[in-house]
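Student: Got a structure for you, coords26.csv, holding CSV, C-alpha atoms.
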```
chain,number,residue,atom,x,y,z
A,4,MET,CA,-44.6,4.3,24.5
A,5,SER,CA,-45.0,6.6,27.5
A,6,LEU,CA,-48.8,6.5,27.9
A,7,ARG,CA,-50.2,8.3,30.9
A,8,SER,CA,-53.6,8.2,32.6
A,9,GLY,CA,-52.7,10.5,35.5
A,10,TYR,CA,-49.8,12.3,37.3
A,11,GLU,CA,-48.5,12.5,40.9
A,12,PRO,CA,-48.6,15.9,42.6
A,13,GLY,CA,-45.6,18.0,41.7
A,14,VAL,CA,-45.1,16.5,38.3
A,15,PRO,CA,-45.6,18.6,35.1
A,16,CYS,CA,-48.7,17.1,33.5
A,17,TRP,CA,-49.8,19.4,30.7
A,18,VAL,CA,-48.5,22.1,28.4
A,19,ASP,CA,-50.5,24.5,26.2
A,20,LEU,CA,-49.9,27.2,23.7
A,21,SER,CA,-51.4,30.7,24.1
A,22,SER,CA,-51.3,32.0,20.5
A,23,THR,CA,-52.0,35.2,18.8
A,24,ASP,CA,-53.1,33.2,15.8
A,25,VAL,CA,-54.7,29.9,16.8
A,26,ASP,CA,-55.4,28.8,13.2
A,27,GLY,CA,-51.9,29.6,12.1
A,28,SER,CA,-50.5,27.7,15.1
A,29,ALA,CA,-52.6,24.7,14.2
A,30,ARG,CA,-51.3,24.7,10.7
A,31,PHE,CA,-47.7,25.1,11.8
A,32,TYR,CA,-47.7,22.3,14.4
A,33,GLY,CA,-49.7,20.1,12.1
A,34,GLU,CA,-46.9,20.4,9.5
A,35,VAL,CA,-43.9,20.2,11.9
A,36,PHE,CA,-45.2,17.6,14.4
A,37,GLY,CA,-48.0,16.0,12.5
A,38,TRP,CA,-50.5,17.0,15.2
A,39,THR,CA,-54.2,17.3,14.7
A,40,ALA,CA,-56.0,20.2,16.4
A,41,GLU,CA,-59.5,19.6,17.7
A,42,MET,CA,-61.2,22.7,19.0
A,43,ILE,CA,-63.9,22.7,21.7
A,44,ASP,CA,-67.3,23.5,20.1
A,45,ASP,CA,-68.5,25.6,23.0
A,46,PRO,CA,-68.4,29.4,23.1
A,47,GLU,CA,-67.6,29.2,26.9
A,48,ALA,CA,-64.4,27.4,26.1
A,49,GLY,CA,-63.0,30.7,24.7
A,50,GLY,CA,-61.6,29.1,21.5
A,51,TYR,CA,-59.5,26.5,23.4
A,52,GLY,CA,-58.7,23.1,21.9
A,53,GLN,CA,-56.2,20.3,22.0
A,54,PHE,CA,-53.5,18.9,19.8
A,55,PHE,CA,-53.6,15.1,19.3
A,56,HIS,CA,-51.0,12.6,18.0
A,57,GLU,CA,-52.3,9.2,17.0
A,58,GLY,CA,-55.5,9.7,18.9
A,59,ARG,CA,-53.9,10.8,22.2
A,60,ASN,CA,-53.9,14.4,23.5
A,61,VAL,CA,-50.4,15.9,23.8
A,62,ALA,CA,-51.0,19.6,24.4
A,63,GLY,CA,-53.6,22.4,24.4
A,64,VAL,CA,-54.0,25.5,22.3
A,65,GLY,CA,-56.0,28.7,22.6
A,66,PRO,CA,-55.9,32.4,22.1
A,67,VAL,CA,-53.9,34.8,24.2
A,68,LEU,CA,-56.0,36.1,27.1
A,69,ALA,CA,-55.6,39.8,26.2
A,70,GLU,CA,-54.7,42.0,23.3
A,71,GLY,CA,-51.0,42.7,23.2
A,72,MET,CA,-49.9,39.6,25.0
A,73,PRO,CA,-47.3,37.4,23.2
A,74,SER,CA,-47.6,33.8,22.1
A,75,VAL,CA,-46.2,31.5,24.7
A,76,TRP,CA,-46.0,27.8,25.7
A,77,ASN,CA,-47.2,27.3,29.3
A,78,THR,CA,-46.3,24.6,31.8
A,79,TYR,CA,-48.8,23.0,34.2
A,80,VAL,CA,-47.8,21.1,37.3
A,81,ALA,CA,-50.2,18.5,38.8
A,82,THR,CA,-51.7,19.3,42.2
A,83,GLU,CA,-54.3,17.6,44.4
A,84,ASP,CA,-55.5,21.0,45.7
A,85,ALA,CA,-55.1,24.1,43.6
A,86,ALA,CA,-56.5,26.4,46.4
A,87,ALA,CA,-53.9,25.1,48.9
A,88,THR,CA,-51.2,25.5,46.3
A,89,ALA,CA,-52.3,29.1,45.8
A,90,ASP,CA,-51.9,29.7,49.6
A,91,ARG,CA,-48.4,28.3,49.5
A,92,VAL,CA,-47.5,30.5,46.6
A,93,GLN,CA,-48.5,33.6,48.5
A,94,ASP,CA,-46.7,32.4,51.7
A,95,ALA,CA,-43.6,31.9,49.6
A,96,GLY,CA,-43.5,35.3,48.1
A,97,GLY,CA,-45.2,34.6,44.8
A,98,THR,CA,-48.3,36.1,43.1
A,99,VAL,CA,-51.6,34.5,42.2
A,100,VAL,CA,-52.2,35.8,38.7
A,101,MET,CA,-55.3,33.7,38.1
A,102,PRO,CA,-57.0,32.2,41.2
A,103,PRO,CA,-58.1,28.6,41.1
A,104,THR,CA,-60.8,28.3,38.5
A,105,GLN,CA,-62.9,25.3,37.6
A,106,ILE,CA,-62.9,24.5,33.9
A,107,PHE,CA,-66.2,22.7,33.2
A,108,GLU,CA,-65.9,19.2,34.6
A,109,GLU,CA,-62.3,18.9,33.3
A,110,GLY,CA,-60.5,20.2,36.4
A,111,THR,CA,-59.3,23.3,38.2
A,112,MET,CA,-56.4,25.5,37.0
A,113,ALA,CA,-54.5,28.4,38.5
A,114,VAL,CA,-51.7,30.6,37.3
A,115,PHE,CA,-48.9,32.0,39.5
A,116,ARG,CA,-45.8,34.2,39.2
A,117,GLY,CA,-42.8,33.3,41.2
A,118,PRO,CA,-40.6,35.9,42.9
A,119,ASP,CA,-38.1,35.5,40.0
A,120,GLY,CA,-40.9,36.6,37.5
A,121,ALA,CA,-41.6,33.3,35.8
A,122,HIS,CA,-45.2,32.2,35.3
A,123,VAL,CA,-46.3,28.6,36.0
A,124,SER,CA,-49.7,27.0,36.1
A,125,VAL,CA,-51.1,24.1,38.1
A,126,TRP,CA,-53.8,21.6,37.2
A,127,GLU,CA,-56.1,19.8,39.7
A,128,ALA,CA,-57.4,17.0,37.6
A,129,GLY,CA,-61.1,16.3,37.0
A,130,ARG,CA,-62.0,14.4,33.8
A,131,HIS,CA,-58.9,15.8,32.1
A,132,ARG,CA,-55.9,13.9,33.6
A,133,GLY,CA,-53.2,15.6,31.6
A,134,ALA,CA,-51.3,14.6,28.5
A,135,GLU,CA,-51.9,11.1,27.5
A,136,LEU,CA,-48.6,10.7,25.7
A,137,VAL,CA,-45.2,12.1,27.0
A,138,ASN,CA,-41.5,11.5,26.5
A,139,GLU,CA,-42.0,10.1,23.0
A,140,PRO,CA,-41.9,11.8,19.6
A,141,VAL,CA,-43.9,14.2,19.3
A,142,SER,CA,-44.9,15.0,22.9
A,143,PHE,CA,-43.4,17.1,25.7
A,144,CYS,CA,-40.6,15.4,27.5
A,145,TRP,CA,-39.1,18.1,29.8
A,146,ASN,CA,-39.9,21.5,31.4
A,147,GLU,CA,-37.1,23.9,32.4
A,148,LEU,CA,-37.1,27.1,34.3
A,149,VAL,CA,-34.8,29.6,32.7
A,150,THR,CA,-34.5,32.3,35.4
A,151,ARG,CA,-32.7,35.5,36.1
A,152,ASP,CA,-32.8,34.8,39.9
A,153,VAL,CA,-31.9,31.3,40.9
A,154,ALA,CA,-31.6,32.4,44.6
A,155,ALA,CA,-35.3,33.5,44.6
A,156,ALA,CA,-36.6,30.6,42.6
A,157,GLU,CA,-35.1,27.7,44.5
A,158,PRO,CA,-36.8,28.3,47.9
A,159,PHE,CA,-40.1,29.3,46.1
A,160,TYR,CA,-40.5,26.0,44.2
A,161,ARG,CA,-39.3,24.0,47.2
A,162,ALA,CA,-42.1,25.6,49.3
A,163,VAL,CA,-44.8,25.4,46.7
A,164,PHE,CA,-44.3,22.0,45.2
A,165,GLY,CA,-42.1,20.3,47.7
A,166,TRP,CA,-39.3,19.9,45.2
A,167,THR,CA,-35.7,19.3,46.1
A,168,ALA,CA,-33.0,21.1,44.1
A,169,ARG,CA,-30.2,19.0,42.8
A,170,PRO,CA,-27.5,21.3,41.3
A,171,GLN,CA,-24.7,19.9,39.1
A,172,GLU,CA,-22.0,21.3,36.9
A,173,MET,CA,-22.5,20.8,33.1
A,174,GLY,CA,-20.0,22.4,30.8
A,175,GLY,CA,-19.1,25.1,33.2
A,176,VAL,CA,-22.8,26.0,33.8
A,177,THR,CA,-24.7,25.1,37.0
A,178,TYR,CA,-27.8,23.1,36.0
A,179,THR,CA,-30.4,22.2,38.6
A,180,GLU,CA,-32.7,19.2,38.5
A,181,TRP,CA,-35.9,19.5,40.4
A,182,VAL,CA,-36.6,16.2,42.2
A,183,SER,CA,-40.0,15.0,43.5
A,184,GLY,CA,-40.7,11.6,44.9
A,185,GLY,CA,-37.1,10.6,44.2
A,186,ALA,CA,-37.5,11.3,40.4
A,187,SER,CA,-36.2,14.2,38.3
A,188,VAL,CA,-39.3,16.1,37.2
A,189,ALA,CA,-38.0,19.4,35.8
A,190,GLY,CA,-34.9,21.5,35.4
A,191,MET,CA,-33.6,25.0,36.2
A,192,MET,CA,-30.8,27.1,34.9
A,193,GLU,CA,-29.7,30.7,35.1
A,194,MET,CA,-30.5,32.7,32.0
A,195,SER,CA,-27.6,33.0,29.7
A,196,PRO,CA,-26.2,36.5,28.7
A,197,ASN,CA,-26.9,35.4,25.1
A,198,HIS,CA,-30.7,35.9,25.7
A,199,PRO,CA,-31.9,39.2,24.4
A,200,PRO,CA,-32.0,42.0,27.0
A,201,GLY,CA,-35.3,42.2,28.8
A,202,THR,CA,-36.2,38.5,28.3
A,203,PRO,CA,-38.1,37.6,31.4
A,204,SER,CA,-37.7,34.5,33.5
A,205,HIS,CA,-39.8,31.8,31.9
A,206,TRP,CA,-40.5,28.1,31.7
A,207,MET,CA,-39.2,26.4,28.5
A,208,VAL,CA,-41.0,23.4,27.1
A,209,TYR,CA,-39.1,20.6,25.3
A,210,PHE,CA,-40.7,18.3,22.8
A,211,ALA,CA,-39.2,15.0,21.8
A,212,VAL,CA,-38.7,14.4,18.1
A,213,ALA,CA,-37.5,11.4,16.1
A,214,ASP,CA,-35.1,13.4,13.9
A,215,LEU,CA,-33.8,16.8,15.1
A,216,ASP,CA,-32.4,17.9,11.7
A,217,ASP,CA,-35.6,17.2,9.9
A,218,THR,CA,-37.7,18.9,12.5
A,219,MET,CA,-35.5,22.1,12.5
A,220,ALA,CA,-35.6,22.2,8.7
A,221,ALA,CA,-39.3,21.8,8.6
A,222,ALA,CA,-39.8,24.6,11.2
A,223,ARG,CA,-37.4,26.9,9.4
A,224,GLY,CA,-39.2,26.2,6.1
A,225,LEU,CA,-42.5,27.2,7.6
A,226,GLY,CA,-41.3,30.5,9.0
A,227,ALA,CA,-39.8,29.7,12.4
A,228,SER,CA,-36.8,31.7,13.7
A,229,VAL,CA,-34.1,29.3,14.7
A,230,LEU,CA,-32.3,30.3,17.9
A,231,ILE,CA,-30.2,27.1,18.4
A,232,ASP,CA,-29.9,24.9,15.3
A,233,ALA,CA,-28.4,21.9,17.0
A,234,MET,CA,-26.5,21.4,20.3
A,235,GLU,CA,-25.2,18.4,22.1
A,236,SER,CA,-26.4,17.7,25.7
A,237,PRO,CA,-26.3,14.5,27.9
A,238,PRO,CA,-30.0,13.6,27.1
A,239,GLY,CA,-29.5,14.1,23.3
A,240,ARG,CA,-29.1,16.7,20.6
A,241,PHE,CA,-31.5,19.6,20.9
A,242,GLY,CA,-32.5,22.8,19.1
A,243,MET,CA,-34.6,25.9,19.9
A,244,PHE,CA,-36.8,28.0,17.7
A,245,VAL,CA,-39.5,30.6,17.8
A,246,ASP,CA,-42.7,29.6,15.9
A,247,PRO,CA,-44.3,32.0,13.4
A,248,GLN,CA,-46.7,33.3,16.1
A,249,GLY,CA,-43.8,34.2,18.4
A,250,ALA,CA,-43.8,31.3,20.9
A,251,ALA,CA,-40.4,29.8,21.8
A,252,LEU,CA,-39.9,26.1,22.3
A,253,SER,CA,-37.1,23.5,22.3
A,254,VAL,CA,-37.0,20.1,20.5
A,255,ILE,CA,-34.7,17.2,21.4
A,256,GLN,CA,-33.8,14.0,19.8
A,257,LEU,CA,-33.4,11.9,22.9
A,258,ALA,CA,-30.4,9.6,23.0
A,259,GLU,CA,-32.4,6.4,23.0
A,260,ASN,CA,-34.1,7.5,19.7
A,261,GLN,CA,-30.8,8.1,17.8
```
Go ahead and express the file in the form of structure tokens.
Tutor:
Amino acid sequence: MSLRSGYEPGVPCWVDLSSTDVDGSARFYGEVFGWTAEMIDDPEAGGYGQFFHEGRNVAGVGPVLAEGMPSVWNTYVATEDAAATADRVQDAGGTVVMPPTQIFEEGTMAVFRGPDGAHVSVWEAGRHRGAELVNEPVSFCWNELVTRDVAAAEPFYRAVFGWTARPQEMGGVTYTEWVSGGASVAGMMEMSPNHPPGTPSHWMVYFAVADLDDTMAAARGLGASVLIDAMESPPGRFGMFVDPQGAALSVIQLAENQ
């Protein structure tokens, strides 16, 4: 099992769901992934909680920050210094949407928007070190920037996180792996014309599952809108759906689990 107690800077370390209906999201993911939601019993936490699988935290969940905002899965990248990262964001042409903010004794977070329009968060760990389980069913296993402006995104993420872009051709499409410390840590691809008009650049979260077909059937049966039922890729078969609260995510049956 891919158990983690910490993350190197530049590595995605946490994902959370901003939901228009937290209770509904907890029921949905409890059914589809078997997660248990544990909410923080403190009004200052703003209704935030965590999803657990077999006693290990795998993701967070909380209400959207303002009325009218959509449900969305968020990606967090580990950093040793959120304030210094915020400075690099501004120097690289990005926008600091939420400045570095300490969250109790858990750590410090910040939210940025890149010049391509995609939002990404960073996490400077305190007591909370990030997800304790990754790359295994049912935990996150990949984070992918789907962007309308590859030319703007590439130098931005290189400057902010020190990532190296490794582009490659996959089925007639250029797919970029982001590399940090010699390891692939995330991906990037240009947004397909098949996306609805007006879809903004965004970070897509992938969750590993043991059986893609069963997962997609369960999601559909609980009201999810299926965008990709099943598609082959080098890492494994994957699908994509929008949950009943409106958040898009991808699920993948990794090749070693088939």
Student: Between A:Leu136, A:Gln248, A:Ala258, A:Val182, which one has atoms that come closest to A:Met72, using all atoms listed in the file?
Tutor: A:Gln248
Student: Residues near A:Gln53, anyone? I mean within 8 Å using all atoms listed in the file, not counting same-chain ones fewer than 3 positions away, as a PDB file with C-alpha atoms, in the coordinates of the input.
Tutor:
```
ATOM      1  CA  ALA A  40     -56.000  20.200  16.400  1.00  0.00           C
ATOM      2  CA  GLU A  41     -59.500  19.600  17.700  1.00  0.00           C
ATOM      3  CA  MET A  42     -61.200  22.700  19.000  1.00  0.00           C
ATOM      4  CA  ASN A  60     -53.900  14.400  23.500  1.00  0.00           C
ATOM      5  CA  VAL A  61     -50.400  15.900  23.800  1.00  0.00           C
ATOM      6  CA  ALA A  62     -51.000  19.600  24.400  1.00  0.00           C
ATOM      7  CA  GLY A  63     -53.600  22.400  24.400  1.00  0.00           C
ATOM      8  CA  VAL A  64     -54.000  25.500  22.300  1.00  0.00           C
TER       9      VAL A  64
END
```
Student: To one decimal place, how far is atom CA of A:Ile43 from atom CA of A:Asp26 in Å?
Tutor: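 Atom CA of A:Asp26 lies at a distance of 13.5 Å from atom CA of A:Ile43.
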Student: Excluding stretch 230-232 of chain A and residues on its chain fewer than 4 positions from it, collect all residues at most 12 Å away from it, counting all atoms listed in the file, and give them as a PyMOL selection string.
Tutor: chain A and resi 197-199+215-223+240-246+250-255
Student: Excluding stretch 99-112 of chain A and residues on its chain fewer than 2 positions from it, collect all residues at most 8 Å away from it, counting all atoms listed in the file, and give them as a list in words.
Tutor: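 My list of contacting residues is Ala85, Ala86, Ala89, Val92, Gln93, Gly97, Val114, Phe115, Arg116, Ser124, Val125, Trp126, Glu127, Ala128, Gly129, Arg130 and His131 of chain A.
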Student: How many Å lie between atom CA of A:Ala162 and atom CA of A:Gly117, rounded to one decimal?
Tutor: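 The value is 11.2 Å.
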Student: What does the distance from atom CA of A:Asp152 to atom CA of A:Ser204 come to in Å, to one decimal?
Tutor: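 Between atom CA of A:Asp152 and atom CA of A:Ser204 the gap works out to 8.1 Å.
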Student: Could you tell me which of A:Thr167, A:Asn77, A:Thr23, A:Gln256 comes closest to A:Gly184 if we count all atoms listed in the file?
Tutor: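 Nearest candidate to A:Gly184 out of A:Thr167, A:Asn77, A:Thr23, A:Gln256: A:Thr167.
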Student: Counting only C-alpha atoms, what is within 8 Å of A:Val188, bar same-chain residues fewer than 2 positions away, as a VMD selection string?
Tutor: chain A and resid 13 to 15 145 to 146 180 to 183 186 190
Student: Stretch 118-123 of chain A: which residues within 8 Å, counting all atoms listed in the file, same-chain residues fewer than 4 positions away excluded, as JSON, numbers by chain?
Tutor: {"A": [77, 78, 79, 80, 96, 97, 98, 114, 148, 150, 151, 152, 153, 155, 156, 159, 203, 204, 205, 206]}
Student: Of the residues A:Tyr178, A:Phe31, A:Phe55, A:Phe210, which is the one nearest to A:Leu225, using all atoms listed in the file?
Tutor: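 Comparing A:Tyr178, A:Phe31, A:Phe55, A:Phe210 against A:Leu225, the winner is A:Phe31.
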Student: Have a look at A:Val149, A:Ala134, A:Ala29, A:Val163 and name the one nearest to A:Thr202; count only C-alpha atoms.
Tutor: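 Of the candidates, the smallest distance to A:Thr202 is held by A:Val149.
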Student: For A:Glu11, which residue out of A:Met194, A:Ala69, A:Ala81, A:Ala227 is the nearest one, using all atoms listed in the file?
Tutor: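 So, comparing all the options, the nearest one is A:Ala81.
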Student: Ranking A:Ala154, A:Ala168, A:Cys16, A:Val35 by minimum distance to A:Asp214 and counting all atoms listed in the file, which one comes first?
Tutor: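 Selected residue with least distance to A:Asp214: A:Val35.
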